[in-house]
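Engineer: Contents of target_34.pdb (PDB, C-alpha atoms) are below:
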```pdb
ATOM      1  CA  MET A   1      11.298  25.566  16.417
ATOM      2  CA  SER A   2       9.630  27.158  13.433
ATOM      3  CA  LYS A   3       5.868  27.258  12.962
ATOM      4  CA  HIS A   4       3.436  27.567  10.087
ATOM      5  CA  ALA A   5      -0.319  27.151   9.618
ATOM      6  CA  ILE A   6      -2.244  24.493   7.698
ATOM      7  CA  TRP A   7      -6.053  24.546   7.658
ATOM      8  CA  GLY A   8      -5.927  27.047  10.544
ATOM      9  CA  PHE A   9      -3.823  24.720  12.737
ATOM     10  CA  THR A  10      -0.324  25.639  13.889
ATOM     11  CA  ILE A  11       2.286  23.117  12.775
ATOM     12  CA  GLU A  12       5.563  23.210  14.639
ATOM     13  CA  VAL A  13       8.723  22.074  12.893
ATOM     14  CA  SER A  14      11.505  20.711  15.081
ATOM     15  CA  PRO A  15      15.149  21.719  14.495
ATOM     16  CA  SER A  16      15.619  18.361  12.723
ATOM     17  CA  GLY A  17      12.848  19.315  10.242
ATOM     18  CA  ARG A  18      10.216  16.960  11.628
ATOM     19  CA  LYS A  19       6.658  18.316  11.620
ATOM     20  CA  ILE A  20       4.623  17.978  14.800
ATOM     21  CA  TRP A  21       1.024  17.371  13.714
ATOM     22  CA  PRO A  22      -1.713  18.443  16.163
ATOM     23  CA  ASN A  23      -4.369  15.833  16.952
ATOM     24  CA  LYS A  24      -7.121  18.166  15.717
ATOM     25  CA  LEU A  25      -5.456  18.369  12.299
ATOM     26  CA  LYS A  26      -5.187  14.560  12.187
ATOM     27  CA  TYR A  27      -8.895  14.316  12.990
ATOM     28  CA  GLU A  28      -9.710  16.850  10.260
ATOM     29  CA  ALA A  29      -7.660  14.911   7.709
ATOM     30  CA  ALA A  30      -9.488  11.685   8.631
ATOM     31  CA  ARG A  31     -12.839  13.500   8.452
ATOM     32  CA  ARG A  32     -12.064  14.789   4.952
ATOM     33  CA  ILE A  33     -11.229  11.255   3.839
ATOM     34  CA  ARG A  34     -14.354   9.808   5.472
ATOM     35  CA  GLU A  35     -16.918  12.509   4.652
ATOM     36  CA  ASP A  36     -15.565  14.382   1.629
ATOM     37  CA  GLY A  37     -14.260  11.299  -0.175
ATOM     38  CA  LEU A  38     -10.733  12.623  -0.596
ATOM     39  CA  SER A  39      -7.898  10.120  -0.833
ATOM     40  CA  PRO A  40      -5.008   9.990   1.655
ATOM     41  CA  GLY A  41      -2.732  10.987  -1.231
ATOM     42  CA  GLU A  42      -4.763  14.116  -1.950
ATOM     43  CA  ILE A  43      -4.727  15.118   1.720
ATOM     44  CA  ALA A  44      -0.999  14.394   2.007
ATOM     45  CA  ALA A  45      -0.209  16.533  -1.031
ATOM     46  CA  GLU A  46      -2.320  19.382   0.312
ATOM     47  CA  ILE A  47      -0.693  19.497   3.760
ATOM     48  CA  GLY A  48       2.836  18.407   2.835
ATOM     49  CA  ALA A  49       2.799  15.076   4.674
ATOM     50  CA  HIS A  50       3.642  11.583   3.531
ATOM     51  CA  GLU A  51       0.664   9.559   2.261
ATOM     52  CA  CYS A  52       1.451   6.654   4.623
ATOM     53  CA  LEU A  53       1.184   8.998   7.603
ATOM     54  CA  VAL A  54      -2.219  10.311   6.503
ATOM     55  CA  ARG A  55      -3.393   6.743   5.859
ATOM     56  CA  LYS A  56      -2.290   5.855   9.410
ATOM     57  CA  TRP A  57      -4.399   8.700  10.800
ATOM     58  CA  SER A  58      -7.392   7.499   8.783
ATOM     59  CA  VAL A  59      -7.044   3.912  10.020
ATOM     60  CA  ALA A  60      -6.724   5.122  13.626
ATOM     61  CA  ASP A  61      -9.890   7.201  13.174
ATOM     62  CA  ARG A  62     -11.788   4.225  11.726
ATOM     63  CA  ARG A  63     -10.675   2.005  14.614
ATOM     64  CA  SER A  64     -11.656   4.652  17.173
ATOM     65  CA  ARG A  65     -15.159   4.525  15.668
ATOM     66  CA  GLY A  66     -15.281   0.765  16.243
ATOM     67  CA  GLU A  67     -14.813  -0.209  12.608
ATOM     68  CA  LEU A  68     -13.170  -3.585  12.151
ATOM     69  CA  ILE A  69     -10.413  -3.379   9.591
ATOM     70  CA  SER A  70      -9.376  -6.639   7.992
ATOM     71  CA  VAL A  71      -8.034  -7.756   4.656
ATOM     72  CA  GLN A  72      -9.665 -10.766   3.017
ATOM     73  CA  GLU A  73      -6.885 -11.466   0.541
ATOM     74  CA  PRO A  74      -3.315 -12.669   1.080
ATOM     75  CA  ALA A  75      -1.012 -10.021   2.512
ATOM     76  CA  PHE A  76       1.900 -11.156   0.331
ATOM     77  CA  THR A  77       2.426 -12.561  -3.119
ATOM     78  CA  GLU A  78       4.867 -15.447  -3.339
ATOM     79  CA  ILE A  79       7.235 -15.738  -6.283
ATOM     80  CA  VAL A  80       8.881 -19.146  -6.572
ATOM     81  CA  THR A  81      11.926 -19.765  -8.755
ATOM     82  CA  ALA A  82      13.353 -23.082  -9.929
ATOM     83  CA  GLU A  83      15.948 -23.050  -7.131
ATOM     84  CA  SER A  84      13.221 -23.057  -4.466
ATOM     85  CA  ARG A  85      10.963 -25.766  -5.915
ATOM     86  CA  PRO A  86      11.442 -29.266  -7.304
ATOM     87  CA  PRO A  87      11.978 -29.480 -11.088
ATOM     88  CA  LYS A  88       8.975 -30.185 -13.299
ATOM     89  CA  LEU A  89       8.734 -33.660 -14.769
ATOM     90  CA  ASP A  90       6.813 -32.448 -17.816
ATOM     91  CA  ALA A  91       9.165 -32.809 -20.801
ATOM     92  CA  SER A  92       6.855 -30.776 -23.064
ATOM     93  CA  THR A  93       7.857 -27.504 -21.384
ATOM     94  CA  PRO A  94       9.631 -25.455 -24.093
ATOM     95  CA  VAL A  95      11.783 -23.516 -21.600
ATOM     96  CA  ALA A  96      14.307 -25.193 -19.293
ATOM     97  CA  SER A  97      12.961 -25.528 -15.751
ATOM     98  CA  SER A  98      15.824 -23.388 -14.419
ATOM     99  CA  GLU A  99      14.462 -20.464 -16.481
ATOM    100  CA  ILE A 100      10.910 -20.703 -15.121
ATOM    101  CA  ALA A 101       9.489 -18.859 -12.123
ATOM    102  CA  GLN A 102       6.063 -19.238 -10.566
ATOM    103  CA  LEU A 103       3.831 -16.508  -9.188
ATOM    104  CA  ARG A 104       1.281 -17.534  -6.559
ATOM    105  CA  CYS A 105      -1.326 -15.294  -5.020
ATOM    106  CA  GLY A 106      -4.189 -16.969  -3.198
ATOM    107  CA  SER A 107      -5.528 -19.731  -5.429
ATOM    108  CA  VAL A 108      -3.917 -18.364  -8.619
ATOM    109  CA  SER A 109      -0.600 -19.800  -9.812
ATOM    110  CA  ILE A 110       1.142 -18.693 -13.029
ATOM    111  CA  GLU A 111       4.467 -19.869 -14.455
ATOM    112  CA  PHE A 112       6.563 -17.478 -16.543
ATOM    113  CA  SER A 113      10.063 -17.102 -17.927
ATOM    114  CA  VAL A 114      12.569 -15.410 -15.624
ATOM    115  CA  ALA A 115      13.611 -13.390 -18.684
ATOM    116  CA  ILE A 116      10.311 -11.477 -18.532
ATOM    117  CA  SER A 117      10.703  -7.706 -18.658
ATOM    118  CA  GLU A 118      10.012  -5.705 -15.520
ATOM    119  CA  ALA A 119       7.082  -3.949 -17.211
ATOM    120  CA  ASP A 120       5.490  -7.265 -18.239
ATOM    121  CA  LEU A 121       6.061  -8.723 -14.762
ATOM    122  CA  THR A 122       4.349  -5.690 -13.231
ATOM    123  CA  LYS A 123       1.342  -6.242 -15.513
ATOM    124  CA  LEU A 124       1.295  -9.952 -14.645
ATOM    125  CA  VAL A 125       1.312  -9.242 -10.894
ATOM    126  CA  ALA A 126      -1.552  -6.739 -11.332
ATOM    127  CA  VAL A 127      -3.653  -9.330 -13.184
ATOM    128  CA  VAL A 128      -2.964 -12.032 -10.588
ATOM    129  CA  GLU A 129      -3.917  -9.666  -7.736
ATOM    130  CA  ARG A 130      -7.149  -8.679  -9.523
ATOM    131  CA  PHE A 131      -8.329 -12.256  -9.980
ATOM    132  CA  SER A 132      -7.076 -13.901  -6.792
TER     133      SER A 132
END
```
Would you mind writing the file's structure down as structure tokens?
Structural biologist:
Amino acid sequence: MSKHAIWGFTIEVSPSGRKIWPNKLKYEAARRIREDGLSPGEIAAEIGAHECLVRKWSVADRRSRGELISVQEPAFTEIVTAESRPPKLDASTPVASSEIAQLRCGSVSIEFSVAISEADLTKLVAVVERFS
């Protein structure tokens, strides 16, 4: 196994290339997020870890301190297409019902054309998440 140092901690690297992170380094990363206001992404970039891993360490640290971690908004956004819902009876709709999709997030529901560009759909999802 090879070794190198990060923040004064020895990081071992297994023959498969996997880094073995010492608990003290994990605690230091969580402390820097908590006390110094750094983001998990900043820490991850600095130490060469994946952001999700650093975020996991931070959540574990928060839980060990007794902090309750819960999300108040829906965990998923539902996108409904014409095939998965009954057709609309409103004849004034300018687009055929088979070309309409519906985005629901919490109490917000928006219908849009399935021909929407990926960039516009991304913007639409961001707006729905902000206001739901």
Engineer: Please compute the atom CA of A:Ile47-atom CA of A:Glu28 distance, one decimal, in Å.
Structural biologist: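 So the two atoms, atom CA of A:Ile47 and atom CA of A:Glu28, lie 11.4 Å apart.
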Engineer: Please measure the separation of atom CA of A:Gly37 and atom CA of A:Ser58, giving the value in Å to one decimal.
Structural biologist: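 These two atoms are separated by 11.9 Å.
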Engineer: Could you list as a list in words every residue that has an atom within 12 Å of (-6.0, 20.9, 20.5), using the file's coordinates and counting all atoms listed in the file?
Structural biologist: Gly8, Phe9, Thr10, Ile11, Trp21, Pro22, Asn23, Lys24, Leu25, Lys26, Tyr27 and Glu28 of chain A
Engineer: Using Å and a single decimal, report how far atom CA of A:Met1 sits from atom CA of A:Cys52.
Structural biologist: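 Pair atom CA of A:Cys52 / atom CA of A:Met1 returns 24.4 Å.
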Engineer: Check the smallest atom-to-atom distance from each of A:Ala44, A:Ile69, A:Ala119, A:Ile20 to A:Ser2 using all atoms listed in the file, then report the winner.
Structural biologist: A:Ile20
Engineer: For A:Gly48, work out the shell of residues within 12 Å, counting only C-alpha atoms and skipping chain neighbours fewer than 2 positions away, then give it as a ChimeraX atom specification.
Structural biologist: /A:4-7,11,18-19,21,40-46,50-54
